[in-house]
file protein_3.txt (compact mmCIF, C-alpha atoms and all ligand atoms)
# COMPACT_ATOMS: atom_id res chain seq x y z
CA MET U 1 -14.33 18.77 14.61
CA GLY U 2 -13.71 17.53 18.18
CA PRO U 3 -10.93 18.97 20.35
CA ILE U 4 -8.45 16.15 19.64
CA ALA U 5 -8.98 16.35 15.90
CA TYR U 6 -8.62 20.12 16.12
CA LEU U 7 -5.30 19.90 17.97
CA ARG U 8 -4.04 17.23 15.58
CA ALA U 9 -4.96 19.35 12.55
CA ARG U 10 -3.21 22.36 14.10
CA ARG U 11 -0.07 20.35 14.85
CA ARG U 12 0.02 19.00 11.30
CA LYS U 13 -0.37 22.47 9.84
CA ARG U 14 2.60 23.56 11.93
CA VAL U 15 4.70 20.59 10.76
CA ILE U 16 3.94 21.46 7.13
CA GLU U 17 4.86 25.10 7.71
CA LYS U 18 7.89 24.68 9.98
CA ARG U 19 9.36 21.35 8.88
CA PRO U 20 8.47 20.85 5.22
CA ILE U 21 10.48 18.34 3.21
CA PRO U 22 13.22 20.39 1.46
CA PRO U 23 12.62 20.61 -2.30
CA ASP U 24 15.86 18.82 -3.24
CA ALA U 25 15.19 15.92 -0.83
CA TRP U 26 11.68 15.62 -2.25
CA ALA U 27 12.91 15.75 -5.84
CA SER U 28 15.41 12.96 -5.30
CA ALA U 29 12.87 10.81 -3.39
CA VAL U 30 10.39 10.82 -6.28
CA ALA U 31 12.84 11.10 -9.19
CA GLY U 32 12.70 8.35 -11.79
CA LEU U 33 9.72 6.60 -10.20
CA PRO U 34 6.81 6.18 -12.61
CA VAL U 35 4.26 5.94 -9.77
CA PHE U 36 4.83 9.67 -9.11
CA SER U 37 5.64 10.91 -12.60
CA LYS U 38 2.13 11.86 -13.73
CA LEU U 39 0.94 13.60 -10.58
CA ASP U 40 0.04 17.22 -11.33
CA SER U 41 1.58 20.06 -9.36
CA ASP U 42 -1.33 20.24 -6.89
CA GLU U 43 -1.11 16.50 -6.21
CA GLN U 44 2.69 16.70 -5.84
CA ALA U 45 2.34 19.53 -3.32
CA ARG U 46 -0.31 17.72 -1.28
CA LEU U 47 1.68 14.48 -1.36
CA LYS U 48 4.77 16.31 -0.14
CA ASP U 49 2.79 17.79 2.78
CA LEU U 50 1.33 14.39 3.69
CA ALA U 51 4.83 12.89 3.59
CA ALA U 52 6.13 15.60 5.97
CA VAL U 53 3.35 14.72 8.43
CA PHE U 54 4.04 11.00 7.94
CA ILE U 55 7.72 11.49 8.85
CA ASP U 56 6.73 13.56 11.88
CA GLU U 57 4.19 11.04 13.18
CA LYS U 58 6.00 7.75 12.50
CA ASP U 59 9.04 6.30 14.28
CA PHE U 60 11.64 4.68 12.04
CA HIS U 61 13.55 1.85 13.74
CA PRO U 62 16.44 0.35 11.78
CA VAL U 63 17.47 -3.09 13.06
CA GLN U 64 20.03 -5.75 12.04
CA ASN U 65 22.57 -3.11 11.01
CA ALA U 66 20.17 -1.48 8.56
CA GLU U 67 20.91 2.20 8.14
CA ILE U 68 18.22 4.65 7.30
CA ASP U 69 19.01 8.16 6.11
CA TYR U 70 16.64 11.07 5.60
CA GLY U 71 16.36 10.34 1.87
CA THR U 72 15.10 6.81 2.55
CA ALA U 73 12.62 8.10 5.12
CA VAL U 74 11.29 10.58 2.56
CA ARG U 75 11.06 7.80 -0.05
CA ILE U 76 9.06 5.60 2.35
CA ALA U 77 6.85 8.53 3.34
CA ALA U 78 6.17 9.49 -0.29
CA LEU U 79 5.24 5.92 -1.28
CA ALA U 80 3.08 5.39 1.82
CA SER U 81 1.29 8.71 1.33
CA LEU U 82 0.29 8.01 -2.27
CA PRO U 83 -2.67 5.69 -1.45
CA VAL U 84 -4.04 8.17 1.11
CA LEU U 85 -3.51 11.24 -1.07
CA ASN U 86 -7.28 11.84 -1.19
CA LEU U 87 -8.26 9.87 1.91
CA GLY U 88 -6.08 11.66 4.43
CA ILE U 89 -3.21 10.63 6.68
CA ASP U 90 -5.63 9.74 9.51
CA TRP U 91 -5.98 6.34 7.84
CA TYR U 92 -2.56 5.59 9.37
CA SER U 93 -3.25 7.05 12.81
CA ASP U 94 -3.61 3.66 14.52
CA TRP U 95 0.06 2.68 14.13
CA LYS U 96 3.36 4.43 14.61
CA THR U 97 6.42 2.22 14.16
CA ILE U 98 8.28 1.26 11.00
CA ILE U 99 10.95 -1.40 11.56
CA VAL U 100 13.51 -1.28 8.78
CA VAL U 101 15.57 -4.39 8.00
CA PRO U 102 18.42 -4.53 5.44
CA ASP U 103 16.95 -7.07 3.03
CA ALA U 104 14.28 -9.72 2.54
CA TYR U 105 14.10 -12.27 5.35
CA GLU U 106 12.88 -15.82 5.82
CA ILE U 107 10.08 -16.92 8.08
CA THR U 108 8.56 -20.33 8.72
CA ARG U 109 4.87 -20.55 7.95
CA THR U 110 2.50 -23.32 8.95
CA GLU U 111 -0.61 -24.19 7.04
CA THR U 112 -3.24 -26.80 7.75
CA ASP U 113 -4.59 -28.55 4.66
CA ALA U 114 -8.12 -29.84 4.10
CA ALA U 115 -7.19 -33.20 5.63
CA GLY U 116 -6.02 -31.49 8.82
CA VAL U 117 -2.33 -32.10 8.12
CA VAL U 118 -0.05 -29.25 9.21
CA HIS U 119 2.58 -28.25 6.67
CA GLU U 120 5.61 -26.14 7.49
CA TYR U 121 7.41 -24.17 4.82
CA GLU U 122 9.87 -21.33 4.43
CA ASP U 123 8.68 -18.04 2.97
CA GLU U 124 10.68 -14.96 2.05
CA LEU U 125 9.30 -11.57 3.05
CA GLY U 126 10.20 -8.08 1.88
CA GLY U 127 7.98 -6.63 4.58
CA GLU U 128 5.00 -7.39 6.78
CA VAL U 129 2.37 -5.81 8.95
CA MET U 130 2.03 -6.75 12.57
CA HIS U 131 -1.63 -6.67 13.42
CA LEU U 132 -1.13 -4.79 16.67
CA GLY U 133 1.15 -2.12 15.27
CA PRO U 134 4.50 -2.03 13.56
CA VAL U 135 5.15 -2.34 9.85
CA VAL U 136 8.35 -4.09 8.77
CA LEU U 137 10.02 -3.02 5.52
CA SER U 138 13.26 -4.19 3.95
CA LEU U 139 15.58 -1.56 2.49
CA GLU U 140 16.27 -3.70 -0.53
CA ASP U 141 12.53 -4.02 -1.26
CA ILE U 142 11.90 -0.31 -0.64
CA ALA U 143 14.58 0.43 -3.25
CA ASP U 144 12.75 -1.84 -5.73
CA SER U 145 9.38 -0.10 -5.21
CA GLY U 146 7.77 2.51 -7.43
CA TYR U 147 9.15 1.50 -10.82
CA GLY U 148 5.80 0.74 -12.39
CA ASP U 149 6.47 -3.00 -12.62
CA GLY U 150 3.88 -4.13 -10.08
CA TYR U 151 6.12 -4.51 -7.05
CA ASN U 152 5.80 -2.04 -4.20
CA VAL U 153 6.40 -3.26 -0.66
CA VAL U 154 5.49 0.08 0.92
CA ILE U 155 2.12 0.35 -0.81
CA HIS U 156 1.49 -3.37 -0.20
CA GLU U 157 1.98 -3.06 3.57
CA ALA U 158 0.11 0.27 3.64
CA ALA U 159 -2.82 -1.51 1.96
CA HIS U 160 -2.84 -4.11 4.75
CA LYS U 161 -3.02 -1.29 7.30
CA ILE U 162 -5.91 0.32 5.39
CA ASP U 163 -7.67 -3.07 5.19
CA GLY U 164 -7.22 -3.71 8.92
CA ARG U 165 -8.38 -0.29 10.04
CA ASP U 166 -11.69 -1.83 11.12
CA GLY U 167 -9.80 -4.46 13.14
CA VAL U 168 -10.25 -7.24 10.58
CA PHE U 169 -7.69 -8.11 7.92
CA ASP U 170 -10.05 -9.61 5.36
CA GLY U 171 -9.54 -7.62 2.17
CA CYS U 172 -12.43 -5.28 2.97
CA PRO U 173 -11.42 -1.93 4.48
CA PRO U 174 -13.96 0.38 6.13
CA LEU U 175 -15.96 1.58 3.14
CA PRO U 176 -17.40 5.00 2.31
CA LYS U 177 -21.21 5.28 2.19
CA THR U 178 -21.07 5.24 -1.61
CA ILE U 179 -19.80 1.62 -1.69
CA SER U 180 -21.79 -1.19 -0.09
CA ALA U 181 -20.03 -4.10 1.59
CA ALA U 182 -22.02 -6.47 -0.66
CA GLU U 183 -20.80 -4.73 -3.81
CA TRP U 184 -17.20 -4.85 -2.56
CA ARG U 185 -17.29 -8.48 -1.46
CA THR U 186 -18.99 -9.69 -4.63
CA ALA U 187 -16.43 -8.01 -6.88
CA PHE U 188 -13.36 -8.98 -4.86
CA SER U 189 -14.47 -12.59 -4.23
CA ALA U 190 -15.19 -13.13 -7.93
CA ALA U 191 -11.75 -11.78 -8.89
CA TYR U 192 -10.00 -13.78 -6.18
CA GLU U 193 -11.76 -17.00 -7.14
CA ARG U 194 -10.96 -16.40 -10.80
CA LEU U 195 -7.29 -16.00 -9.93
CA ARG U 196 -7.32 -19.20 -7.89
CA ALA U 197 -9.23 -21.25 -10.44
CA PRO U 198 -6.95 -24.06 -11.64
CA LYS U 199 -8.25 -23.88 -15.19
CA ARG U 200 -8.46 -20.70 -17.16
CA LYS U 201 -11.15 -20.20 -19.76
CA LYS U 202 -9.84 -20.76 -23.25
CA GLY U 203 -8.34 -17.71 -24.84
CA ARG U 204 -8.27 -15.80 -21.60
CA ARG U 205 -4.87 -14.38 -20.89
CA LYS U 206 -3.08 -14.96 -17.59
CA PRO U 207 -3.65 -11.99 -15.26
CA ARG U 208 -0.53 -9.91 -14.76
CA ILE U 209 -1.15 -9.57 -11.02
CA ASP U 210 1.44 -11.16 -8.68
CA GLU U 211 0.64 -14.80 -7.89
CA TYR U 212 0.89 -14.05 -4.19
CA ALA U 213 -2.57 -12.46 -4.54
CA ALA U 214 -4.04 -15.98 -4.67
CA PHE U 215 -2.77 -16.68 -1.14
CA SER U 216 -5.79 -15.24 0.72
CA PRO U 217 -8.44 -12.49 0.33
CA ASP U 218 -6.38 -9.99 2.35
CA GLU U 219 -3.31 -10.64 0.21
CA PHE U 220 -5.46 -10.30 -2.90
CA PHE U 221 -6.54 -6.85 -1.73
CA ALA U 222 -2.95 -5.77 -0.87
CA VAL U 223 -1.57 -7.00 -4.20
CA ALA U 224 -4.49 -5.43 -6.10
CA VAL U 225 -3.74 -2.06 -4.45
CA GLU U 226 -0.06 -2.47 -5.33
CA SER U 227 -1.02 -3.16 -8.92
CA PHE U 228 -3.57 -0.30 -8.93
CA PHE U 229 -0.76 2.21 -8.39
CA GLU U 230 2.07 0.36 -10.15
CA THR U 231 0.46 -1.27 -13.18
CA PRO U 232 -3.01 0.27 -13.52
CA VAL U 233 -3.30 -0.66 -17.21
CA ALA U 234 -2.95 -4.37 -16.41
CA LEU U 235 -5.25 -4.29 -13.37
CA LYS U 236 -7.97 -2.42 -15.27
CA ARG U 237 -7.70 -4.91 -18.13
CA ASP U 238 -7.65 -8.05 -15.97
CA PHE U 239 -10.01 -7.04 -13.16
CA PRO U 240 -12.05 -4.03 -14.37
CA THR U 241 -14.70 -4.23 -11.60
CA VAL U 242 -12.04 -4.36 -8.88
CA TYR U 243 -10.20 -1.50 -10.59
CA GLU U 244 -13.31 0.72 -10.64
CA LEU U 245 -14.04 0.01 -6.97
CA LEU U 246 -10.48 0.99 -6.07
CA VAL U 247 -10.90 4.25 -8.05
CA ARG U 248 -14.01 5.01 -5.98
CA PHE U 249 -12.36 3.97 -2.74
CA PHE U 250 -9.07 5.86 -3.13
CA GLY U 251 -10.59 8.82 -4.99
CA GLN U 252 -7.90 8.68 -7.66
CA ASP U 253 -7.48 7.03 -11.04
CA PRO U 254 -3.87 6.05 -11.87
CA TYR U 255 -4.95 4.73 -15.31
CA GLU U 256 -6.44 8.07 -16.22
CA ARG U 257 -3.33 9.76 -14.81
CA LEU U 258 -1.14 7.86 -17.28
CA SER U 259 -2.95 9.47 -20.21
CA ARG U 260 -2.10 13.00 -19.03
ZN ZN I 1 0.84 -9.05 2.24

call {"tool": "encode", "arguments": {"input": "protein_3.txt", "output": "structure tokens"}}
result
Amino acid sequence: MGPIAYLRARRRKRVIEKRPIPPDAWASAVAGLPVFSKLDSDEQARLKDLAAVFIDEKDFHPVQNAEIDYGTAVRIAALASLPVLNLGIDWYSDWKTIIVVPDAYEITRTETDAAGVVHEYEDELGGEVMHLGPVVLSLEDIADSGYGDGYNVVIHEAAHKIDGRDGVFDGCPPLPKTISAAEWRTAFSAAYERLRAPKRKKGRRKPRIDEYAAFSPDEFFAVAVESFFETPVALKRDFPTVYELLVRFFGQDPYERLSR
């Protein structure tokens, strides 16, 4: 461990000891949310410590009259810490700011089609990741996250940050030695192309994954991660190879957790 990593580890240990999340605040942040319900006591304890460090290291900036109380910060921290439960909070060390807006907001997107014609259209966002730093999250969308129905703006944006940790937002995060880039790209491209295919093979059921996943490879990855934690049964059924890669990448198996 280098000197910076040593100091960081020492500071985090102190945060966990001196400024832990109070038990009642933690209980109400995770209460009633299926994404947390099957974690065992060791996982709960580690998640709570990660969330305390997350709150210490991130700046929360409410804008447009949004108000953020401690309970909401703990909720965001708990949801964001779930994907890195076994990877470590260092995966988020390259960004600091969370901009909190009251509700979903509209942006104008432009897209150039195959003929070179530029199309403009309105899109509604519940959050987004700015490539050079901040994450934007809407309070309304945070409140809708974690219910096991496939929607989770915090995990979705966290997945983009994990993807872009190598500087490229392409649906392929920096991989551990046990997963080759070829294996990852083959599995994810096949799943993405299958989702985009205009015609489905006869008898094949429509994947449960959010349609937004078909937008681009990086959105496919973010939506797949969202589904991995929110609706693991559906993701494992629809995209088993992608599911297994995510188990190996995140070092956790939400499907297996459900059977506890
Ligand atoms: Zn996205």

call {"tool": "axis_aligned_box", "arguments": {"input": "protein_3.txt", "around": "segment 108-111 of chain U", "padding_each_side": "8 Å", "output": "lines of an AutoDock Vina configuration file"}}
result
center_x = 4.0
center_y = -22.3
center_z = 8.0
size_x = 25.2
size_y = 19.9
size_z = 17.9

call {"tool": "atom_distance", "arguments": {"input": "protein_3.txt", "atom1": "atom ZN of ligand ZN 1 (chain I)", "atom2": "atom CA of Glu219 of chain U"}}
result
4.9 Å

call {"tool": "residues_near_ligand", "arguments": {"input": "protein_3.txt", "ligand": "ligand ZN 1 (chain I)", "cutoff": "7 Å", "atoms": "only C-alpha atoms and all ligand atoms", "output": "list in words"}}
result
Glu128, His156, Glu157, His160, Glu219 and Ala222 of chain U

call {"tool": "atom_distance", "arguments": {"input": "protein_3.txt", "atom1": "atom CA of Ser93 of chain U", "atom2": "atom CA of Val135 of chain U"}}
result
12.9 Å

call {"tool": "residues_around", "arguments": {"input": "protein_3.txt", "residues": "segment 25-32 of chain U", "least_positions_apart": "4", "cutoff": "8 Å", "atoms": "all atoms listed in the file", "output": "PyMOL selection string"}}
result
chain U and resi 21+36-37+48+71-72+74-75+78+147

call {"tool": "residues_around", "arguments": {"input": "protein_3.txt", "residues": "Arg8 of chain U", "least_positions_apart": "5", "cutoff": "12 Å", "atoms": "only C-alpha atoms", "output": "VMD selection string"}}
result
chain U and resid 1 to 3 13 to 15 53 56 to 57 89 to 90 93

call {"tool": "write_last_selection", "arguments": {"input": "protein_3.txt", "atoms": "C-alpha atoms", "output": "PDB file, in the frame of the given file"}}
result
ATOM      1  CA  MET U   1     -14.330  18.770  14.610  1.00  0.00           C
ATOM      2  CA  GLY U   2     -13.710  17.530  18.180  1.00  0.00           C
ATOM      3  CA  PRO U   3     -10.930  18.970  20.350  1.00  0.00           C
ATOM      4  CA  LYS U  13      -0.370  22.470   9.840  1.00  0.00           C
ATOM      5  CA  ARG U  14       2.600  23.560  11.930  1.00  0.00           C
ATOM      6  CA  VAL U  15       4.700  20.590  10.760  1.00  0.00           C
ATOM      7  CA  VAL U  53       3.350  14.720   8.430  1.00  0.00           C
ATOM      8  CA  ASP U  56       6.730  13.560  11.880  1.00  0.00           C
ATOM      9  CA  GLU U  57       4.190  11.040  13.180  1.00  0.00           C
ATOM     10  CA  ILE U  89      -3.210  10.630   6.680  1.00  0.00           C
ATOM     11  CA  ASP U  90      -5.630   9.740   9.510  1.00  0.00           C
ATOM     12  CA  SER U  93      -3.250   7.050  12.810  1.00  0.00           C
TER      13      SER U  93
END

call {"tool": "atom_distance", "arguments": {"input": "protein_3.txt", "atom1": "atom CA of Asp163 of chain U", "atom2": "atom CA of Tyr105 of chain U"}}
result
23.6 Å

call {"tool": "closest_residue", "arguments": {"input": "protein_3.txt", "among": "U:Gly126, U:Gly171, U:Pro20, U:Pro232", "to": "Thr186 of chain U", "atoms": "all atoms listed in the file"}}
result
U:Gly171

call {"tool": "closest_residue", "arguments": {"input": "protein_3.txt", "among": "U:Leu258, U:Ala114, U:Ala77, U:Val247", "to": "Tyr92 of chain U", "atoms": "all atoms listed in the file"}}
result
U:Ala77

call {"tool": "decode", "arguments": {"input": "protein_3.txt", "residues": "segment 186-250 of chain U", "atoms": "C-alpha atoms", "output": "PDB file, in the first residue's frame"}}
result
ATOM      1  CA  THR U 186     -18.710 -10.864 -27.083  1.00  0.00           C
ATOM      2  CA  ALA U 187     -21.350 -11.462 -24.418  1.00  0.00           C
ATOM      3  CA  PHE U 188     -22.511  -7.859 -24.114  1.00  0.00           C
ATOM      4  CA  SER U 189     -22.563  -7.185 -27.883  1.00  0.00           C
ATOM      5  CA  ALA U 190     -24.611 -10.324 -28.527  1.00  0.00           C
ATOM      6  CA  ALA U 191     -27.145  -9.343 -25.850  1.00  0.00           C
ATOM      7  CA  TYR U 192     -27.298  -5.746 -27.053  1.00  0.00           C
ATOM      8  CA  GLU U 193     -27.791  -6.773 -30.676  1.00  0.00           C
ATOM      9  CA  ARG U 194     -30.475  -9.254 -29.661  1.00  0.00           C
ATOM     10  CA  LEU U 195     -32.324  -6.494 -27.815  1.00  0.00           C
ATOM     11  CA  ARG U 196     -32.086  -4.189 -30.827  1.00  0.00           C
ATOM     12  CA  ALA U 197     -33.089  -6.805 -33.382  1.00  0.00           C
ATOM     13  CA  PRO U 198     -36.382  -5.705 -34.949  1.00  0.00           C
ATOM     14  CA  LYS U 199     -37.687  -9.258 -35.188  1.00  0.00           C
ATOM     15  CA  ARG U 200     -37.723 -11.645 -32.304  1.00  0.00           C
ATOM     16  CA  LYS U 201     -37.355 -15.363 -32.850  1.00  0.00           C
ATOM     17  CA  LYS U 202     -40.674 -17.136 -32.682  1.00  0.00           C
ATOM     18  CA  GLY U 203     -41.694 -18.180 -29.230  1.00  0.00           C
ATOM     19  CA  ARG U 204     -39.028 -16.094 -27.583  1.00  0.00           C
ATOM     20  CA  ARG U 205     -40.440 -13.869 -24.919  1.00  0.00           C
ATOM     21  CA  LYS U 206     -39.765 -10.130 -24.840  1.00  0.00           C
ATOM     22  CA  PRO U 207     -36.880  -9.372 -22.462  1.00  0.00           C
ATOM     23  CA  ARG U 208     -38.016  -7.624 -19.300  1.00  0.00           C
ATOM     24  CA  ILE U 209     -35.078  -5.192 -19.394  1.00  0.00           C
ATOM     25  CA  ASP U 210     -35.918  -1.483 -19.868  1.00  0.00           C
ATOM     26  CA  GLU U 211     -36.092  -0.489 -23.541  1.00  0.00           C
ATOM     27  CA  TYR U 212     -33.651   2.324 -22.908  1.00  0.00           C
ATOM     28  CA  ALA U 213     -30.943  -0.380 -22.864  1.00  0.00           C
ATOM     29  CA  ALA U 214     -31.202  -0.525 -26.669  1.00  0.00           C
ATOM     30  CA  PHE U 215     -30.066   3.116 -26.922  1.00  0.00           C
ATOM     31  CA  SER U 216     -26.302   2.411 -26.920  1.00  0.00           C
ATOM     32  CA  PRO U 217     -23.785  -0.115 -25.492  1.00  0.00           C
ATOM     33  CA  ASP U 218     -23.071   2.072 -22.453  1.00  0.00           C
ATOM     34  CA  GLU U 219     -26.788   2.408 -21.699  1.00  0.00           C
ATOM     35  CA  PHE U 220     -27.165  -1.345 -22.151  1.00  0.00           C
ATOM     36  CA  PHE U 221     -24.504  -1.892 -19.494  1.00  0.00           C
ATOM     37  CA  ALA U 222     -26.069   0.643 -17.070  1.00  0.00           C
ATOM     38  CA  VAL U 223     -29.569  -0.804 -17.496  1.00  0.00           C
ATOM     39  CA  ALA U 224     -28.226  -4.374 -17.188  1.00  0.00           C
ATOM     40  CA  VAL U 225     -26.554  -3.453 -13.876  1.00  0.00           C
ATOM     41  CA  GLU U 226     -29.792  -1.841 -12.701  1.00  0.00           C
ATOM     42  CA  SER U 227     -31.658  -5.013 -13.584  1.00  0.00           C
ATOM     43  CA  PHE U 228     -28.930  -7.208 -12.024  1.00  0.00           C
ATOM     44  CA  PHE U 229     -29.675  -5.714  -8.609  1.00  0.00           C
ATOM     45  CA  GLU U 230     -33.379  -4.949  -9.064  1.00  0.00           C
ATOM     46  CA  THR U 231     -34.756  -7.854 -11.092  1.00  0.00           C
ATOM     47  CA  PRO U 232     -32.050 -10.544 -11.098  1.00  0.00           C
ATOM     48  CA  VAL U 233     -34.522 -13.329 -11.927  1.00  0.00           C
ATOM     49  CA  ALA U 234     -35.508 -11.632 -15.195  1.00  0.00           C
ATOM     50  CA  LEU U 235     -31.960 -10.684 -16.182  1.00  0.00           C
ATOM     51  CA  LYS U 236     -30.653 -14.201 -15.523  1.00  0.00           C
ATOM     52  CA  ARG U 237     -33.517 -15.654 -17.563  1.00  0.00           C
ATOM     53  CA  ASP U 238     -33.232 -13.219 -20.489  1.00  0.00           C
ATOM     54  CA  PHE U 239     -29.462 -12.704 -20.651  1.00  0.00           C
ATOM     55  CA  PRO U 240     -27.800 -15.555 -18.701  1.00  0.00           C
ATOM     56  CA  THR U 241     -24.279 -14.956 -20.077  1.00  0.00           C
ATOM     57  CA  VAL U 242     -24.422 -11.251 -19.206  1.00  0.00           C
ATOM     58  CA  TYR U 243     -25.816 -12.144 -15.785  1.00  0.00           C
ATOM     59  CA  GLU U 244     -22.947 -14.553 -15.034  1.00  0.00           C
ATOM     60  CA  LEU U 245     -20.342 -12.001 -16.122  1.00  0.00           C
ATOM     61  CA  LEU U 246     -21.894  -9.417 -13.806  1.00  0.00           C
ATOM     62  CA  VAL U 247     -21.755 -11.959 -10.935  1.00  0.00           C
ATOM     63  CA  ARG U 248     -18.030 -12.403 -11.595  1.00  0.00           C
ATOM     64  CA  PHE U 249     -17.455  -8.683 -11.994  1.00  0.00           C
ATOM     65  CA  PHE U 250     -19.341  -7.468  -8.903  1.00  0.00           C
TER      66      PHE U 250
END
